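Working notes for the structure below.
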Amino acid sequence: MSGDKPVPEPPTFPGRSWLLPSALLDPDPDHDPGNGHPGRPPRRTARDWVVDFTCFLLAVFIGLLGLDTVRNEPDLPQAFAVLDQVLGALACAAVWLRRRWPVGLAVAMVPVCFVSNTAGGAGLVALFTLTVHRPFRYVAWIGGASLVLNPLFFWLRPDPDVTYLWAVFLALLLTAAIVGWGMVVRSKRQLMLSFRDRARRAETEAALRAEQAQRLAREAIAREMHDVLAHRLTLLSVHAGALEFRPDAPRAEIVRAAGVIRESAHEALQDLREIIGVLRAGEPDDAGRPQPTLTGLDTLVSECREAGMKVVLDQHVTDGAAVPASVGRTAYRITQECLTNARKHAPGAEVTVTVAGAPGDGLTVRVRNPAPPGEVPHVPGSGQGLIGLIERATLAGGRLDHGPEQDGGFGVRAWLPWA
């Protein structure tokens, strides 16, 4: 059943996961829910360790370049130079925390880089990490603050080898390059995540479509079982009841009733085997014996008459053989179900079956019975037969209505398209 069907697991990226960044393995690139631990990033992959170590080496390399500049700065107190180097070392070590706290690290790097020249490499790595892992509004605020402070930094601590304007321009150019690179990486990751989400939705939709198709097939088989077996079993019930209440009936009548019971039981068993075969083998509904058509109404009415029913068949069809198979089968099943209901709820009443139609006008089926001649014991039923008939007619492109009539009888009216 659909309620017991497990929800399909989200698809993973094909290939070796250790070659992918952990952000792509995380369901939300803008949050760090961790592997079931709130506030913790997902476990680093081998690629993440390589990238983190490379970023650390890059921060240390740029810090060493800044250290050479600090040593060549004139009029710089020795204590401040030591503080610059200590802050630079701490900033390089803090690079290992960039995945867990990208915003906090980037915010902390703004004042640290304003004080320490050797922390410039760590500041660039923090800004790149912020651009990759967070929306642009964070980058705009933090990167903008860094750009505003850069002119003041080079004014207070001018580079001995580069002019002031050139130093400010290089800082602006490097910041823009870092932000642009990070945005490209982020866009590529979001594109891959969108592909993953599309694959997840496609797999879920495919599973739902398969489940719906299976459910519709089972419903069709259930309708077929109801229509066929209900007719056969009511015939069995009628003849068995006749034998029970008339044990002194003539021998010929008893033999005839027993033959009908045997034949109906055989037909019911064969129908049941075919339906079970469809369930087991997954064959289409029209496998096995040929499905009934409109031309089979005469045989159906004859079976009911042999069971003791009073049935009048009135056909006004221009060419019964030209009726489409699906329309004829639907008309047959509607008539079969109506006769079964009349046999159960109005025993002894005369049932009138009227079938009329022509190409272009459609096929009309009317089945009615007057009120039963006597008291009828209550027959349990859920009304699923009539509901199934409405669904059959709707699926065939037609319509069906039913209900009691003024004389106390019951009528069913159906129209089916016939192009």
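Starting from 1 in every chain, residues are counted up; chains themselves are A, B, ... following the order of the structure tokens, and ligands are numbered from 1 as listed.
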### Task
May I have the residues within 6 Å of stretch 343-351 of chain A as a ChimeraX atom specification, using only C-alpha atoms and disregarding those fewer than 6 positions away in the same chain?
/A:310-311,368-369,372
Please dump the current selection as a compact mmCIF listing (two decimals), in the first residue's frame; keep all heavy atoms.
# COMPACT_ATOMS: atom_id res chain seq x y z
N LYS A 310 -36.62 -11.91 -14.65
CA LYS A 310 -37.42 -11.38 -15.75
C LYS A 310 -36.67 -10.20 -16.35
O LYS A 310 -36.59 -9.13 -15.72
CB LYS A 310 -38.80 -10.94 -15.26
CG LYS A 310 -39.60 -12.06 -14.60
CD LYS A 310 -40.90 -11.54 -14.04
CE LYS A 310 -41.67 -12.65 -13.33
NZ LYS A 310 -42.95 -12.13 -12.75
N VAL A 311 -36.10 -10.39 -17.51
CA VAL A 311 -35.27 -9.37 -18.13
C VAL A 311 -35.79 -9.13 -19.53
O VAL A 311 -36.03 -10.08 -20.31
CB VAL A 311 -33.78 -9.79 -18.18
CG1 VAL A 311 -32.94 -8.65 -18.75
CG2 VAL A 311 -33.29 -10.17 -16.80
N ARG A 368 -33.53 -0.26 -15.64
CA ARG A 368 -34.46 0.12 -14.57
C ARG A 368 -35.28 -1.09 -14.15
O ARG A 368 -35.48 -2.04 -14.92
CB ARG A 368 -35.39 1.25 -15.00
CG ARG A 368 -36.41 0.88 -16.05
CD ARG A 368 -37.42 1.99 -16.25
NE ARG A 368 -38.04 2.40 -15.01
CZ ARG A 368 -39.09 1.79 -14.45
NH1 ARG A 368 -39.62 0.70 -15.02
NH2 ARG A 368 -39.61 2.22 -13.32
N ASN A 369 -35.71 -1.03 -12.92
CA ASN A 369 -36.60 -2.06 -12.39
C ASN A 369 -37.63 -1.40 -11.51
O ASN A 369 -37.33 -0.42 -10.81
CB ASN A 369 -35.81 -3.12 -11.62
CG ASN A 369 -35.07 -2.56 -10.42
OD1 ASN A 369 -33.92 -2.17 -10.54
ND2 ASN A 369 -35.73 -2.48 -9.26
N PRO A 372 -39.90 -3.96 -5.92
CA PRO A 372 -40.06 -5.42 -5.78
C PRO A 372 -41.49 -5.75 -5.37
O PRO A 372 -42.15 -4.99 -4.66
CB PRO A 372 -39.05 -5.79 -4.70
CG PRO A 372 -38.77 -4.52 -3.98
CD PRO A 372 -38.93 -3.41 -4.97
### Message
Taking only C-alpha atoms into account, name the residue in A:Val115, A:Val51, A:Leu97, A:Ala210 that is nearest to A:Ala81.
### Response
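Checking each of A:Val115, A:Val51, A:Leu97, A:Ala210 against A:Ala81, counting only C-alpha atoms, the winner is A:Val115.
Note that atom CA of A:Leu57 and atom CA of A:Ala176 are 21.4 Å apart.
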### Task
May I have the residues within 9 Å of A:Val139 as a list in words, using only C-alpha atoms and disregarding those fewer than 6 positions away in the same chain?
Leu127, Leu130, Thr131 and Val179 of chain A
### stretch 400-409 of chain A surroundings by only C-alpha atoms, 10 Å radius, close-in-sequence under 2 positions cut, as a VMD selection string
chain A and resid 334 342 346 349 351 364 to 372 386 to 387 389 to 394 398 411 to 416
### Query
What is the atom CA of A:Arg399-atom CA of A:Pro324 distance in Å, reported with one decimal?
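It comes out at 16.8 Å.
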### Message
Write out as a ChimeraX atom specification the set of residues from stretch 105-161 of chain A that DSSP, computed on the backbone, places in alpha helix (DSSP H).
### Response
/A:105-115,120-133,136-156
### Task
Could you give me, as a list in words, the residues within 12 Å of A:Ser302, counting only C-alpha atoms and dropping anything in the same chain fewer than 3 positions from it?
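These residues fall inside the cut-off: Leu235, Val260, Gly296, Leu297, Asp298, Thr299, Arg305, Glu306, Ala307, Gly308, Met309, Lys310, Val311, Val312, Leu313, Gln336 and Leu339 of chain A.
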### Message
Show me, as JSON, numbers by chain, the residues that have an atom within 8 Å of A:Gly320 when counting only C-alpha atoms, minus same-chain residues fewer than 2 positions from it.
### Response
{"A": [294, 295, 317, 318, 322, 323]}
### Message
With distances taken over only C-alpha atoms, which residue among A:Val355, A:Thr330, A:Arg196, A:Trp418 lies nearest A:Gln315?
### Response
A:Val355
### Message
So, with only C-alpha atoms as the atoms that count, which of A:Pro74, A:Gly143, A:Gly123, A:Pro359 lies closest to A:Leu156?
### Response
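Of A:Pro74, A:Gly143, A:Gly123, A:Pro359, the one nearest A:Leu156 is A:Pro74, counting only C-alpha atoms.
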